$ cat protein09.cif   # mmCIF, C-alpha atoms and all ligand atoms
data_structure
#
loop_
_atom_site.label_atom_id
_atom_site.label_comp_id
_atom_site.auth_asym_id
_atom_site.auth_seq_id
_atom_site.Cartn_x
_atom_site.Cartn_y
_atom_site.Cartn_z
CA MET Z 1 5.70 -21.50 8.79
CA ALA Z 2 4.16 -18.15 7.99
CA ASP Z 3 6.10 -15.05 9.08
CA VAL Z 4 2.84 -13.25 9.82
CA THR Z 5 -0.73 -14.55 9.82
CA VAL Z 6 -3.66 -12.28 9.13
CA ASN Z 7 -6.38 -13.67 11.39
CA LEU Z 8 -9.78 -13.19 9.80
CA GLY Z 9 -11.59 -16.42 10.60
CA GLU Z 10 -12.19 -18.39 7.43
CA ARG Z 11 -10.54 -15.62 5.41
CA SER Z 12 -7.27 -15.88 7.40
CA TYR Z 13 -4.06 -16.09 5.36
CA PRO Z 14 -0.30 -16.40 5.73
CA ILE Z 15 2.37 -13.90 4.73
CA TYR Z 16 5.72 -15.47 3.78
CA ILE Z 17 8.92 -13.43 3.64
CA SER Z 18 11.74 -15.08 1.69
CA ASP Z 19 14.76 -14.10 -0.38
CA SER Z 20 13.74 -16.12 -3.45
CA PHE Z 21 10.76 -17.89 -5.03
CA ARG Z 22 12.13 -21.19 -3.66
CA ASP Z 23 9.43 -21.64 -1.02
CA PHE Z 24 6.48 -20.56 -3.15
CA GLY Z 25 4.94 -24.00 -2.70
CA ASN Z 26 4.01 -22.93 0.85
CA ALA Z 27 1.77 -20.17 -0.50
CA LEU Z 28 0.16 -22.65 -2.89
CA THR Z 29 -0.90 -24.97 -0.08
CA THR Z 30 -3.66 -22.43 0.63
CA ILE Z 31 -5.40 -23.21 -2.67
CA SER Z 32 -6.82 -26.23 -4.43
CA PHE Z 33 -4.23 -28.42 -6.15
CA SER Z 34 -6.24 -28.70 -9.31
CA SER Z 35 -5.99 -25.00 -10.06
CA ARG Z 36 -4.39 -23.28 -13.00
CA LEU Z 37 -2.38 -20.19 -12.16
CA LEU Z 38 -2.74 -16.88 -13.99
CA ILE Z 39 0.12 -14.45 -13.39
CA VAL Z 40 -1.01 -10.83 -13.74
CA THR Z 41 1.98 -8.54 -13.94
CA ASP Z 42 2.98 -5.20 -15.47
CA SER Z 43 5.26 -4.44 -18.40
CA ASN Z 44 8.26 -3.63 -16.15
CA VAL Z 45 7.99 -6.49 -13.68
CA ASP Z 46 7.27 -8.96 -16.48
CA LYS Z 47 10.78 -8.51 -17.91
CA LEU Z 48 12.38 -8.95 -14.50
CA TYR Z 49 10.55 -11.70 -12.62
CA ALA Z 50 7.69 -13.32 -14.53
CA ASP Z 51 9.87 -16.00 -16.14
CA SER Z 52 11.59 -17.04 -12.93
CA LEU Z 53 8.29 -17.20 -11.01
CA ALA Z 54 6.63 -19.11 -13.86
CA SER Z 55 9.44 -21.66 -13.99
CA PHE Z 56 9.14 -22.30 -10.22
CA LEU Z 57 5.41 -22.83 -10.65
CA GLU Z 58 5.84 -25.08 -13.67
CA HIS Z 59 8.40 -27.04 -11.73
CA LEU Z 60 5.62 -27.66 -9.18
CA GLU Z 61 3.58 -28.99 -12.12
CA TYR Z 62 1.05 -26.21 -12.37
CA GLU Z 63 -0.26 -24.93 -15.66
CA VAL Z 64 0.78 -21.28 -15.81
CA LEU Z 65 -0.80 -18.50 -17.86
CA LYS Z 66 0.24 -14.86 -17.94
CA ILE Z 67 -1.21 -11.49 -18.83
CA VAL Z 68 0.92 -8.36 -18.91
CA ILE Z 69 -0.75 -5.02 -18.27
CA PRO Z 70 0.88 -1.65 -19.01
CA ALA Z 71 2.81 -0.29 -16.02
CA GLY Z 72 1.76 2.85 -14.17
CA GLU Z 73 -0.99 4.39 -12.10
CA LYS Z 74 -2.61 5.89 -15.21
CA ASN Z 75 -3.54 2.34 -16.26
CA LYS Z 76 -5.22 1.57 -12.95
CA ASN Z 77 -8.66 1.73 -14.50
CA LEU Z 78 -11.64 -0.33 -15.62
CA GLU Z 79 -10.22 -0.71 -19.12
CA THR Z 80 -7.29 -2.70 -17.76
CA VAL Z 81 -9.64 -4.77 -15.59
CA SER Z 82 -11.71 -5.47 -18.73
CA ARG Z 83 -8.61 -6.76 -20.51
CA ILE Z 84 -8.02 -9.19 -17.64
CA TYR Z 85 -11.67 -10.35 -17.76
CA GLU Z 86 -11.37 -10.88 -21.50
CA PHE Z 87 -8.19 -12.91 -21.06
CA CYS Z 88 -9.89 -15.01 -18.36
CA ARG Z 89 -12.89 -15.64 -20.61
CA GLN Z 90 -10.79 -16.61 -23.61
CA ASN Z 91 -8.76 -19.00 -21.48
CA GLN Z 92 -11.77 -20.42 -19.65
CA ILE Z 93 -10.50 -19.47 -16.21
CA GLU Z 94 -12.66 -21.18 -13.60
CA ARG Z 95 -13.50 -20.38 -10.02
CA LYS Z 96 -10.96 -22.85 -8.66
CA ASP Z 97 -8.16 -21.20 -10.68
CA THR Z 98 -5.92 -18.62 -9.10
CA ILE Z 99 -4.73 -15.16 -10.05
CA ILE Z 100 -1.20 -14.35 -8.93
CA ALA Z 101 -0.61 -10.61 -8.70
CA LEU Z 102 3.10 -10.10 -9.38
CA GLY Z 103 4.10 -6.45 -9.03
CA GLY Z 104 3.61 -3.26 -7.08
CA GLY Z 105 0.49 -1.78 -5.53
CA VAL Z 106 -1.01 -0.96 -8.92
CA VAL Z 107 -0.85 -4.56 -10.12
CA GLY Z 108 -2.04 -5.86 -6.72
CA ASP Z 109 -5.02 -3.51 -6.60
CA ILE Z 110 -6.09 -4.20 -10.22
CA ALA Z 111 -5.49 -7.96 -10.21
CA GLY Z 112 -7.16 -8.25 -6.80
CA PHE Z 113 -10.22 -6.42 -8.10
CA ALA Z 114 -10.37 -8.66 -11.17
CA ALA Z 115 -10.10 -11.71 -8.87
CA ALA Z 116 -12.81 -10.33 -6.57
CA THR Z 117 -15.27 -9.83 -9.41
CA TYR Z 118 -14.56 -12.44 -12.10
CA LEU Z 119 -17.06 -15.30 -11.63
CA ARG Z 120 -18.03 -13.50 -8.38
CA GLY Z 121 -14.61 -14.23 -6.94
CA ILE Z 122 -11.68 -16.49 -7.72
CA ASN Z 123 -8.58 -17.21 -5.61
CA PHE Z 124 -5.74 -14.78 -5.61
CA ILE Z 125 -2.24 -14.62 -4.20
CA GLN Z 126 -0.27 -11.43 -3.78
CA VAL Z 127 3.39 -11.42 -4.81
CA PRO Z 128 4.34 -7.81 -4.05
CA THR Z 129 7.54 -6.35 -5.53
CA THR Z 130 7.68 -2.72 -4.32
CA ILE Z 131 8.18 -1.29 -0.83
CA ILE Z 132 4.60 0.02 -0.80
CA ALA Z 133 3.28 -3.35 -1.84
CA VAL Z 134 5.32 -5.47 0.60
CA CYS Z 135 4.71 -3.17 3.55
CA ASP Z 136 1.16 -2.11 2.86
CA SER Z 137 -1.00 -2.76 -0.19
CA SER Z 138 -0.63 -6.56 -0.45
CA VAL Z 139 -2.10 -6.98 3.05
CA GLY Z 140 -5.66 -6.20 4.04
CA GLY Z 141 -7.77 -6.97 0.98
CA LYS Z 142 -8.44 -3.50 -0.40
CA THR Z 143 -8.61 -3.90 -4.16
CA GLY Z 144 -9.77 -1.49 -6.83
CA VAL Z 145 -9.13 1.05 -9.54
CA ASP Z 146 -9.27 4.79 -10.14
CA PHE Z 147 -12.26 6.28 -11.94
CA GLY Z 148 -13.05 9.71 -13.37
CA GLY Z 149 -9.81 11.10 -11.96
CA SER Z 150 -10.56 9.94 -8.40
CA LYS Z 151 -8.24 7.47 -6.71
CA ASN Z 152 -9.49 3.99 -5.77
CA ILE Z 153 -13.12 5.05 -6.09
CA ILE Z 154 -14.23 1.66 -7.44
CA GLY Z 155 -13.24 -1.46 -5.57
CA ALA Z 156 -13.96 -4.35 -3.26
CA PHE Z 157 -12.72 -5.76 -0.01
CA TYR Z 158 -11.31 -9.11 -1.07
CA GLN Z 159 -8.61 -10.93 0.86
CA PRO Z 160 -5.85 -12.87 -0.88
CA LYS Z 161 -5.29 -16.55 -0.04
CA ALA Z 162 -1.64 -15.82 0.72
CA VAL Z 163 1.04 -13.13 0.38
CA TYR Z 164 4.49 -14.21 -0.79
CA ILE Z 165 7.33 -11.69 -0.53
CA ASN Z 166 10.61 -12.32 -2.35
CA LEU Z 167 12.97 -9.69 -0.92
CA ASP Z 168 15.35 -10.17 -3.82
CA THR Z 169 12.89 -8.46 -6.16
CA LEU Z 170 13.28 -5.18 -4.27
CA LYS Z 171 16.87 -4.82 -5.53
CA THR Z 172 15.78 -3.68 -8.99
CA LEU Z 173 13.50 -0.86 -7.81
CA SER Z 174 14.56 2.59 -8.98
CA GLN Z 175 15.92 4.78 -6.19
CA VAL Z 176 12.79 6.98 -6.32
CA GLN Z 177 10.43 4.01 -6.08
CA TYR Z 178 12.49 2.44 -3.34
CA VAL Z 179 12.79 5.41 -1.00
CA SER Z 180 9.37 6.91 -1.61
CA GLY Z 181 7.77 3.60 -0.62
CA PHE Z 182 9.08 4.23 2.88
CA ALA Z 183 6.46 6.96 3.27
CA GLU Z 184 3.90 4.21 3.97
CA VAL Z 185 6.38 2.64 6.40
CA VAL Z 186 6.70 5.96 8.24
CA LYS Z 187 2.88 6.11 8.20
CA HIS Z 188 2.69 2.76 9.99
CA ALA Z 189 5.33 3.96 12.47
CA LEU Z 190 3.19 7.02 13.18
CA ILE Z 191 0.09 4.97 14.02
CA GLU Z 192 1.80 2.10 15.85
CA LYS Z 193 0.86 3.04 19.43
CA THR Z 194 -2.76 3.60 18.46
CA VAL Z 195 -2.75 0.10 16.95
CA ALA Z 196 -1.19 -1.35 20.11
CA ASP Z 197 -4.04 0.18 22.12
CA LEU Z 198 -6.48 -1.88 20.05
CA GLN Z 199 -4.92 -5.28 20.67
CA GLU Z 200 -3.30 -6.24 23.93
CA GLU Z 201 -1.15 -9.03 22.51
CA PHE Z 202 0.44 -6.68 19.97
CA GLU Z 203 3.96 -5.89 21.11
CA LEU Z 204 5.24 -2.42 20.34
CA ALA Z 205 8.27 -2.52 18.06
CA GLY Z 206 9.06 1.19 18.37
CA LEU Z 207 9.13 1.36 14.58
CA PHE Z 208 9.68 5.12 14.34
CA GLU Z 209 12.80 5.00 16.53
CA TYR Z 210 14.00 1.90 14.67
CA LEU Z 211 13.71 3.77 11.36
CA GLU Z 212 15.55 6.79 12.76
CA GLU Z 213 18.38 4.56 13.97
CA ASN Z 214 18.68 2.46 10.83
CA THR Z 215 18.47 4.87 7.91
CA GLU Z 216 21.88 3.82 6.56
CA LYS Z 217 20.96 0.14 6.53
CA ILE Z 218 17.66 0.99 4.87
CA LEU Z 219 19.39 2.96 2.13
CA GLU Z 220 21.89 0.12 1.63
CA LYS Z 221 18.95 -2.34 1.35
CA GLU Z 222 20.47 -4.44 4.13
CA ILE Z 223 18.48 -7.67 4.02
CA ASP Z 224 17.94 -8.35 7.76
CA CYS Z 225 16.90 -4.75 8.37
CA LEU Z 226 14.49 -4.83 5.42
CA SER Z 227 13.07 -8.15 6.50
CA TYR Z 228 12.45 -6.83 10.03
CA ILE Z 229 10.81 -3.64 8.74
CA ILE Z 230 8.56 -5.55 6.34
CA LYS Z 231 7.48 -8.05 8.98
CA THR Z 232 6.72 -5.24 11.46
CA ASN Z 233 4.71 -3.34 8.85
CA CYS Z 234 2.71 -6.43 7.87
CA LEU Z 235 1.98 -6.99 11.56
CA ILE Z 236 0.85 -3.42 12.20
CA LYS Z 237 -1.36 -3.43 9.12
CA SER Z 238 -2.81 -6.87 9.84
CA LYS Z 239 -3.72 -5.92 13.41
CA VAL Z 240 -5.74 -2.96 12.16
CA VAL Z 241 -7.41 -5.07 9.48
CA GLU Z 242 -8.24 -7.86 11.94
CA PHE Z 243 -9.96 -5.29 14.11
CA ASP Z 244 -11.93 -3.60 11.35
CA GLU Z 245 -11.71 -5.48 8.06
CA LYS Z 246 -14.19 -3.33 6.12
CA GLU Z 247 -13.27 0.11 7.45
CA LYS Z 248 -16.38 0.69 9.50
CA GLY Z 249 -14.26 2.66 11.94
CA ILE Z 250 -10.68 2.40 13.14
CA ARG Z 251 -9.21 1.10 9.84
CA ALA Z 252 -9.50 4.69 8.65
CA ILE Z 253 -6.30 5.46 10.58
CA LEU Z 254 -4.45 3.71 7.75
CA ASN Z 255 -5.49 6.71 5.66
CA PHE Z 256 -3.15 8.95 7.64
CA GLY Z 257 -1.60 11.34 5.12
CA HIS Z 258 -3.98 10.26 2.36
CA THR Z 259 -6.73 12.89 2.51
CA ILE Z 260 -4.40 15.59 1.22
CA GLY Z 261 -1.93 13.05 -0.27
CA HIS Z 262 -4.48 11.56 -2.69
CA ALA Z 263 -5.62 15.04 -3.74
CA ILE Z 264 -2.02 16.06 -4.50
CA GLU Z 265 -1.49 12.81 -6.41
CA SER Z 266 -4.52 13.41 -8.65
CA SER Z 267 -3.92 17.16 -9.05
CA LEU Z 268 -0.38 16.53 -10.33
CA GLU Z 269 -1.73 13.85 -12.68
CA PHE Z 270 0.50 11.23 -11.07
CA ARG Z 271 3.80 13.07 -11.69
CA LEU Z 272 4.83 12.18 -8.15
CA THR Z 273 4.81 8.64 -6.76
CA HIS Z 274 2.06 7.55 -4.38
CA GLY Z 275 4.61 7.42 -1.55
CA GLU Z 276 5.86 10.96 -2.22
CA CYS Z 277 2.27 12.23 -2.10
CA VAL Z 278 1.56 10.36 1.14
CA ALA Z 279 4.67 11.93 2.68
CA LEU Z 280 3.46 15.42 1.69
CA GLY Z 281 -0.01 14.56 2.99
CA MET Z 282 1.39 13.43 6.34
CA ILE Z 283 3.39 16.65 6.70
CA ALA Z 284 0.26 18.69 5.94
CA ALA Z 285 -1.69 16.64 8.50
CA CYS Z 286 1.08 17.37 11.04
CA SER Z 287 0.81 21.09 10.25
CA ILE Z 288 -2.94 20.99 10.86
CA ALA Z 289 -2.41 19.20 14.19
CA VAL Z 290 0.19 21.80 15.19
CA LYS Z 291 -2.24 24.63 14.34
CA LEU Z 292 -4.94 22.87 16.37
CA ASP Z 293 -2.45 22.74 19.23
CA PHE Z 294 -2.38 19.04 19.88
CA PHE Z 295 0.91 18.23 18.15
CA THR Z 296 4.19 20.06 18.58
CA GLU Z 297 6.24 21.74 15.87
CA GLN Z 298 9.25 19.86 17.26
CA ARG Z 299 7.62 16.46 16.60
CA LYS Z 300 6.63 17.59 13.12
CA GLN Z 301 10.25 18.56 12.42
CA ARG Z 302 11.39 15.15 13.68
CA ILE Z 303 9.15 13.49 11.10
CA ILE Z 304 10.36 15.83 8.35
CA ALA Z 305 13.96 15.05 9.36
CA LEU Z 306 13.39 11.28 9.03
CA LEU Z 307 11.72 11.66 5.62
CA THR Z 308 14.58 13.91 4.49
CA VAL Z 309 17.32 11.49 5.56
CA LEU Z 310 15.47 8.75 3.71
CA GLY Z 311 15.52 10.97 0.60
CA ILE Z 312 11.77 11.60 0.39
CA PRO Z 313 10.87 15.15 -0.75
CA THR Z 314 9.07 17.18 1.91
CA ASN Z 315 7.83 20.00 -0.32
CA ASP Z 316 6.95 20.55 -3.97
CA SER Z 317 6.85 23.94 -5.67
CA GLU Z 318 4.44 22.73 -8.41
CA ILE Z 319 1.54 21.98 -6.09
CA ASP Z 320 -1.49 24.00 -7.19
CA ILE Z 321 -3.45 24.74 -4.02
CA GLU Z 322 -6.73 25.39 -5.88
CA LYS Z 323 -6.51 22.10 -7.75
CA VAL Z 324 -5.66 20.16 -4.60
CA GLN Z 325 -8.65 21.63 -2.80
CA GLN Z 326 -10.89 20.80 -5.75
CA GLU Z 327 -9.63 17.20 -5.73
CA MET Z 328 -10.31 17.00 -2.01
CA LYS Z 329 -13.91 17.96 -2.64
CA ASN Z 330 -14.17 15.06 -5.11
CA ASP Z 331 -12.59 12.68 -2.65
CA LYS Z 332 -14.71 9.75 -1.62
CA LYS Z 333 -13.87 10.44 2.00
CA VAL Z 334 -16.07 13.51 1.90
CA SER Z 335 -19.05 12.49 3.98
CA GLY Z 336 -21.80 14.85 4.97
CA GLY Z 337 -19.82 17.68 3.37
CA LYS Z 338 -16.91 17.20 5.80
CA LEU Z 339 -13.43 15.96 5.03
CA HIS Z 340 -12.13 13.13 7.11
CA PHE Z 341 -8.69 13.66 8.61
CA VAL Z 342 -6.38 11.46 10.62
CA LEU Z 343 -4.12 13.70 12.68
CA PRO Z 344 -1.08 12.95 14.84
CA LYS Z 345 -1.13 13.48 18.59
CA LYS Z 346 2.26 12.05 19.49
CA ILE Z 347 4.81 10.02 17.54
CA GLY Z 348 2.89 6.74 17.08
CA GLU Z 349 -0.52 8.08 18.09
CA VAL Z 350 -3.23 9.47 15.86
CA ILE Z 351 -6.80 10.64 16.23
CA GLU Z 352 -9.61 11.05 13.74
CA CYS Z 353 -11.09 14.45 13.07
CA ASN Z 354 -13.72 15.56 10.58
CA HIS Z 355 -14.11 19.23 11.29
CA VAL Z 356 -10.98 20.98 10.14
CA ASP Z 357 -11.38 24.58 9.03
CA GLU Z 358 -10.87 25.09 5.26
CA GLY Z 359 -8.51 27.98 5.81
CA MET Z 360 -6.33 25.80 8.00
CA ILE Z 361 -6.22 23.07 5.36
CA ARG Z 362 -5.31 25.63 2.73
CA GLU Z 363 -2.55 27.10 4.86
CA SER Z 364 -1.10 23.63 5.50
CA ILE Z 365 -1.02 22.85 1.78
CA ARG Z 366 0.55 26.25 1.12
CA GLU Z 367 3.37 25.38 3.49
CA LEU Z 368 4.17 22.36 1.30
CA VAL Z 369 4.63 24.61 -1.71
CA GLY Z 370 7.14 26.58 0.26
CA ALA Z 371 5.48 29.87 -0.76
CA SER Z 372 5.70 32.66 1.78
CA LEU Z 373 2.25 34.14 1.25
N1 LIG Z 401 -4.73 -1.71 -1.43
C1 LIG Z 401 -4.15 -1.01 -0.50
O1 LIG Z 401 -4.39 -1.20 0.70
C2 LIG Z 401 -3.14 0.02 -0.90
C3 LIG Z 401 -2.28 0.57 0.07
C4 LIG Z 401 -1.29 1.45 -0.35
C5 LIG Z 401 -1.19 1.79 -1.70
N2 LIG Z 401 -2.05 1.26 -2.60
C6 LIG Z 401 -1.96 1.59 -4.03
O2 LIG Z 401 -0.68 1.17 -4.49
C7 LIG Z 401 -0.32 1.97 -5.62
C8 LIG Z 401 1.12 2.39 -5.47
O3 LIG Z 401 1.92 1.24 -5.41
P1 LIG Z 401 3.40 1.19 -6.00
O4 LIG Z 401 4.16 2.36 -5.54
O5 LIG Z 401 3.90 -0.17 -5.71
O6 LIG Z 401 3.15 1.44 -7.57
P2 LIG Z 401 3.37 0.58 -8.89
O7 LIG Z 401 2.72 -0.73 -8.81
O8 LIG Z 401 2.98 1.47 -10.01
O9 LIG Z 401 4.95 0.35 -8.94
C9 LIG Z 401 5.80 1.44 -9.14
C10 LIG Z 401 6.72 1.21 -10.36
O10 LIG Z 401 7.71 0.26 -10.03
C11 LIG Z 401 7.74 -0.78 -11.03
N3 LIG Z 401 8.16 -1.98 -10.31
C12 LIG Z 401 7.41 -2.76 -9.50
N4 LIG Z 401 8.18 -3.68 -8.92
C13 LIG Z 401 9.43 -3.51 -9.39
C14 LIG Z 401 10.67 -4.14 -9.12
N5 LIG Z 401 10.77 -5.11 -8.22
N6 LIG Z 401 11.77 -3.69 -9.79
C15 LIG Z 401 11.68 -2.67 -10.67
N7 LIG Z 401 10.54 -2.01 -10.92
C16 LIG Z 401 9.43 -2.43 -10.29
C17 LIG Z 401 6.36 -0.80 -11.60
O11 LIG Z 401 6.35 -1.36 -12.89
C18 LIG Z 401 6.01 0.68 -11.60
O12 LIG Z 401 6.56 1.31 -12.72
C19 LIG Z 401 -1.29 3.12 -5.66
O13 LIG Z 401 -2.20 2.90 -6.72
C20 LIG Z 401 -2.00 3.06 -4.32
O14 LIG Z 401 -3.33 3.55 -4.40
C21 LIG Z 401 -3.01 0.39 -2.23
ZN ZN Z 402 -1.23 4.62 0.42
#

$ encode --input "protein09.cif" --output "structure tokens" --more "lines below"
Ligand SMILES: NC(=O)c1ccc[n+]([C@@H]2O[C@H](COP(=O)([O-])OP(=O)(O)OC[C@H]3O[C@@H](n4cnc5c(N)ncnc54)[C@H](O)[C@@H]3O)[C@@H](O)[C@H]2O)c1
Ligand SMILES: [Zn+2]
Amino acid sequence: MADVTVNLGERSYPIYISDSFRDFGNALTTISFSSRLLIVTDSNVDKLYADSLASFLEHLEYEVLKIVIPAGEKNKNLETVSRIYEFCRQNQIERKDTIIALGGGVVGDIAGFAAATYLRGINFIQVPTTIIAVCDSSVGGKTGVDFGGSKNIIGAFYQPKAVYINLDTLKTLSQVQYVSGFAEVVKHALIEKTVADLQEEFELAGLFEYLEENTEKILEKEIDCLSYIIKTNCLIKSKVVEFDEKEKGIRAILNFGHTIGHAIESSLEFRLTHGECVALGMIAACSIAVKLDFFTEQRKQRIIALLTVLGIPTNDSEIDIEKVQQEMKNDKKVSGGKLHFVLPKKIGEVIECNHVDEGMIRESIRELVGASL
């Protein structure tokens, strides 16, 4: 049985959480049995998990193909997508075949976009292997690549047929990748009550408090704790997506921390991880909310304290305020000349706001640099 189901009518799909690839057959029941499977993975994950996944699939008597793309956000572009198309063409991939995205958010976003567009859409299954990917990017169907220096500016909404999480893969993540991924987890914790207000049957897990109380277990990668956190995150994300699949409105709350976070990420040319940038973006959003007087400094410090205990940096002296502001202007979320912000009201509650004074934004970014100007 699925651990979580994303309910989207005919595009509904299961999320399985396991500690091995043993039960992968469950994910494959969502697709046609005649399909060939194309594993898309990156150069790091390939060495670690591609062989073991492929041998499980071959054991189930599938024909398995594989393409390895270079690891890293800087390769999340149309050139990499083109290489996947070319591979598909050379190997006569058909519409009933299936792409399996094995890797972090970068692989999931690229492979998902290739699946969405090749032959106007072929099946795909997400097999996420980073904290960001298991808790966030593999769920919800946002696929795409960066373009012209702007993050995720080209893409498609395209839901996977299934998500299969093998918790064991998380053990090999570097410490930086592991802890910084929890920024997206903290993001979900900070929107949880707003999500609960959308859907009556959604039971509040009190994720923020749970994280505060379980930091040691998180840092020790304790399996039951991780499994609970991942399931809760998939639930929170899926409830938002079920309500607003194509981001016509409320789904935008998932961008909490991303308006400034994405701009920092691009301005530093991807020196920091996505999670680290989201954490900085969330702190800046908290600062704006404090200045606007609807969030307290005390709550902001509580969030900073949690991020700090988890080992996520909460400032960065190399942030160039001018560059960040320039990147924000390029951001696709600029609509009608206004930047779109998601701001906290309480722990777990956010509101949307698109008229924040430029000076206030600047001051909030400056606080991240730690400069006393
Ligand atoms: N589609 C969405 O809804 C959504 C949501 C959040 C983030 N994202 C995107 O996700 C990306 C960030 O994801 P990410 O942090 O997973 O990045 P990533 O895919 O680049 O993975 C980070 C690094 O970890 C390596 N890695 C992956 N799994 C590993 C494992 N199990 N063991 C050892 N190393 C491993 C990768 O090779 C890479 O070097 C960004 O591009 C962001 O825009 C998308
Ligand atoms: Zn993100």

$ closest_atom_pairs --input "protein09.cif" --of "chain Z" --to "ligand ZN 402 (chain Z)" --cutoff "10 Å" --atoms "all atoms listed in the file" --output "JSON lines"
{"residue": "Z:Gly105", "atom": "CA", "partner": "Z:ZN402", "partner_atom": "ZN", "distance": 8.9}
{"residue": "Z:Ile132", "atom": "CA", "partner": "Z:ZN402", "partner_atom": "ZN", "distance": 7.5}
{"residue": "Z:Ala133", "atom": "CA", "partner": "Z:ZN402", "partner_atom": "ZN", "distance": 9.4}
{"residue": "Z:Asp136", "atom": "CA", "partner": "Z:ZN402", "partner_atom": "ZN", "distance": 7.5}
{"residue": "Z:Ser137", "atom": "CA", "partner": "Z:ZN402", "partner_atom": "ZN", "distance": 7.4}
{"residue": "Z:Gly181", "atom": "CA", "partner": "Z:ZN402", "partner_atom": "ZN", "distance": 9.1}
{"residue": "Z:Ala183", "atom": "CA", "partner": "Z:ZN402", "partner_atom": "ZN", "distance": 8.5}
{"residue": "Z:Glu184", "atom": "CA", "partner": "Z:ZN402", "partner_atom": "ZN", "distance": 6.3}
{"residue": "Z:Val185", "atom": "CA", "partner": "Z:ZN402", "partner_atom": "ZN", "distance": 9.9}
{"residue": "Z:Lys187", "atom": "CA", "partner": "Z:ZN402", "partner_atom": "ZN", "distance": 8.9}
{"residue": "Z:Leu254", "atom": "CA", "partner": "Z:ZN402", "partner_atom": "ZN", "distance": 8.1}
{"residue": "Z:Asn255", "atom": "CA", "partner": "Z:ZN402", "partner_atom": "ZN", "distance": 7.1}
{"residue": "Z:Phe256", "atom": "CA", "partner": "Z:ZN402", "partner_atom": "ZN", "distance": 8.6}
{"residue": "Z:Gly257", "atom": "CA", "partner": "Z:ZN402", "partner_atom": "ZN", "distance": 8.2}
{"residue": "Z:His258", "atom": "CA", "partner": "Z:ZN402", "partner_atom": "ZN", "distance": 6.6}
{"residue": "Z:Gly261", "atom": "CA", "partner": "Z:ZN402", "partner_atom": "ZN", "distance": 8.5}
{"residue": "Z:His262", "atom": "CA", "partner": "Z:ZN402", "partner_atom": "ZN", "distance": 8.3}
{"residue": "Z:His274", "atom": "CA", "partner": "Z:ZN402", "partner_atom": "ZN", "distance": 6.5}
{"residue": "Z:Gly275", "atom": "CA", "partner": "Z:ZN402", "partner_atom": "ZN", "distance": 6.8}
{"residue": "Z:Glu276", "atom": "CA", "partner": "Z:ZN402", "partner_atom": "ZN", "distance": 9.9}
{"residue": "Z:Cys277", "atom": "CA", "partner": "Z:ZN402", "partner_atom": "ZN", "distance": 8.7}
{"residue": "Z:Val278", "atom": "CA", "partner": "Z:ZN402", "partner_atom": "ZN", "distance": 6.4}
{"residue": "Z:Ala279", "atom": "CA", "partner": "Z:ZN402", "partner_atom": "ZN", "distance": 9.7}

$ closest_atom_pairs --input "protein09.cif" --of "region 151-229 of chain Z" --to "region 107-113 of chain Z" --cutoff "10 Å" --atoms "only C-alpha atoms" --output "Markdown table"
| residue | atom | partner | partner_atom | distance |
| --- | --- | --- | --- | --- |
| Z:Asn152 | CA | Z:Asp109 | CA | 8.8 |
| Z:Ile154 | CA | Z:Phe113 | CA | 9.0 |
| Z:Gly155 | CA | Z:Phe113 | CA | 6.3 |
| Z:Ala156 | CA | Z:Phe113 | CA | 6.5 |
| Z:Phe157 | CA | Z:Phe113 | CA | 8.5 |
| Z:Tyr158 | CA | Z:Gly112 | CA | 7.1 |
| Z:Gln159 | CA | Z:Gly112 | CA | 8.2 |
| Z:Pro160 | CA | Z:Gly112 | CA | 7.6 |

$ write_last_selection --input "protein09.cif" --atoms "C-alpha atoms" --output "PDB file, in the frame of the given file"
ATOM      1  CA  ASN Z 152      -9.490   3.990  -5.770  1.00  0.00           C
ATOM      2  CA  ILE Z 154     -14.230   1.660  -7.440  1.00  0.00           C
ATOM      3  CA  GLY Z 155     -13.240  -1.460  -5.570  1.00  0.00           C
ATOM      4  CA  ALA Z 156     -13.960  -4.350  -3.260  1.00  0.00           C
ATOM      5  CA  PHE Z 157     -12.720  -5.760  -0.010  1.00  0.00           C
ATOM      6  CA  TYR Z 158     -11.310  -9.110  -1.070  1.00  0.00           C
ATOM      7  CA  GLN Z 159      -8.610 -10.930   0.860  1.00  0.00           C
ATOM      8  CA  PRO Z 160      -5.850 -12.870  -0.880  1.00  0.00           C
TER       9      PRO Z 160
END

$ closest_residue --input "protein09.cif" --among "Z:Gln298, Z:Lys74, Z:Ser12, Z:Gly311" --to "Glu216 (chain Z)" --atoms "only C-alpha atoms"
Z:Gly311

$ closest_residue --input "protein09.cif" --among "Z:Arg299, Z:Lys76, Z:Lys329, Z:Arg120" --to "ligand LIG 401 (chain Z)" --atoms "all atoms listed in the file"
Z:Lys76

$ atom_distance --input "protein09.cif" --atom1 "CA of Gly206 (chain Z)" --atom2 "CA of Gln301 (chain Z)"
18.4 Å

$ residues_around --input "protein09.cif" --residues "Ile250 (chain Z)" --least-positions-apart "5" --cutoff "9 Å" --atoms "only C-alpha atoms" --output "ChimeraX atom specification"
/Z:240-241,243-244,352

$ closest_residue --input "protein09.cif" --among "Z:Ala252, Z:Gly25, Z:Asp320, Z:Lys161" --to "Glu10 (chain Z)" --atoms "all atoms listed in the file"
Z:Lys161

$ residues_around --input "protein09.cif" --residues "Glu79 (chain Z)" --least-positions-apart "6" --cutoff "12 Å" --atoms "all atoms listed in the file" --output "PyMOL selection string"
chain Z and resi 69-70+85-86+110+114+145-147

$ atom_distance --input "protein09.cif" --atom1 "CA of Ile165 (chain Z)" --atom2 "CA of Val6 (chain Z)"
14.6 Å
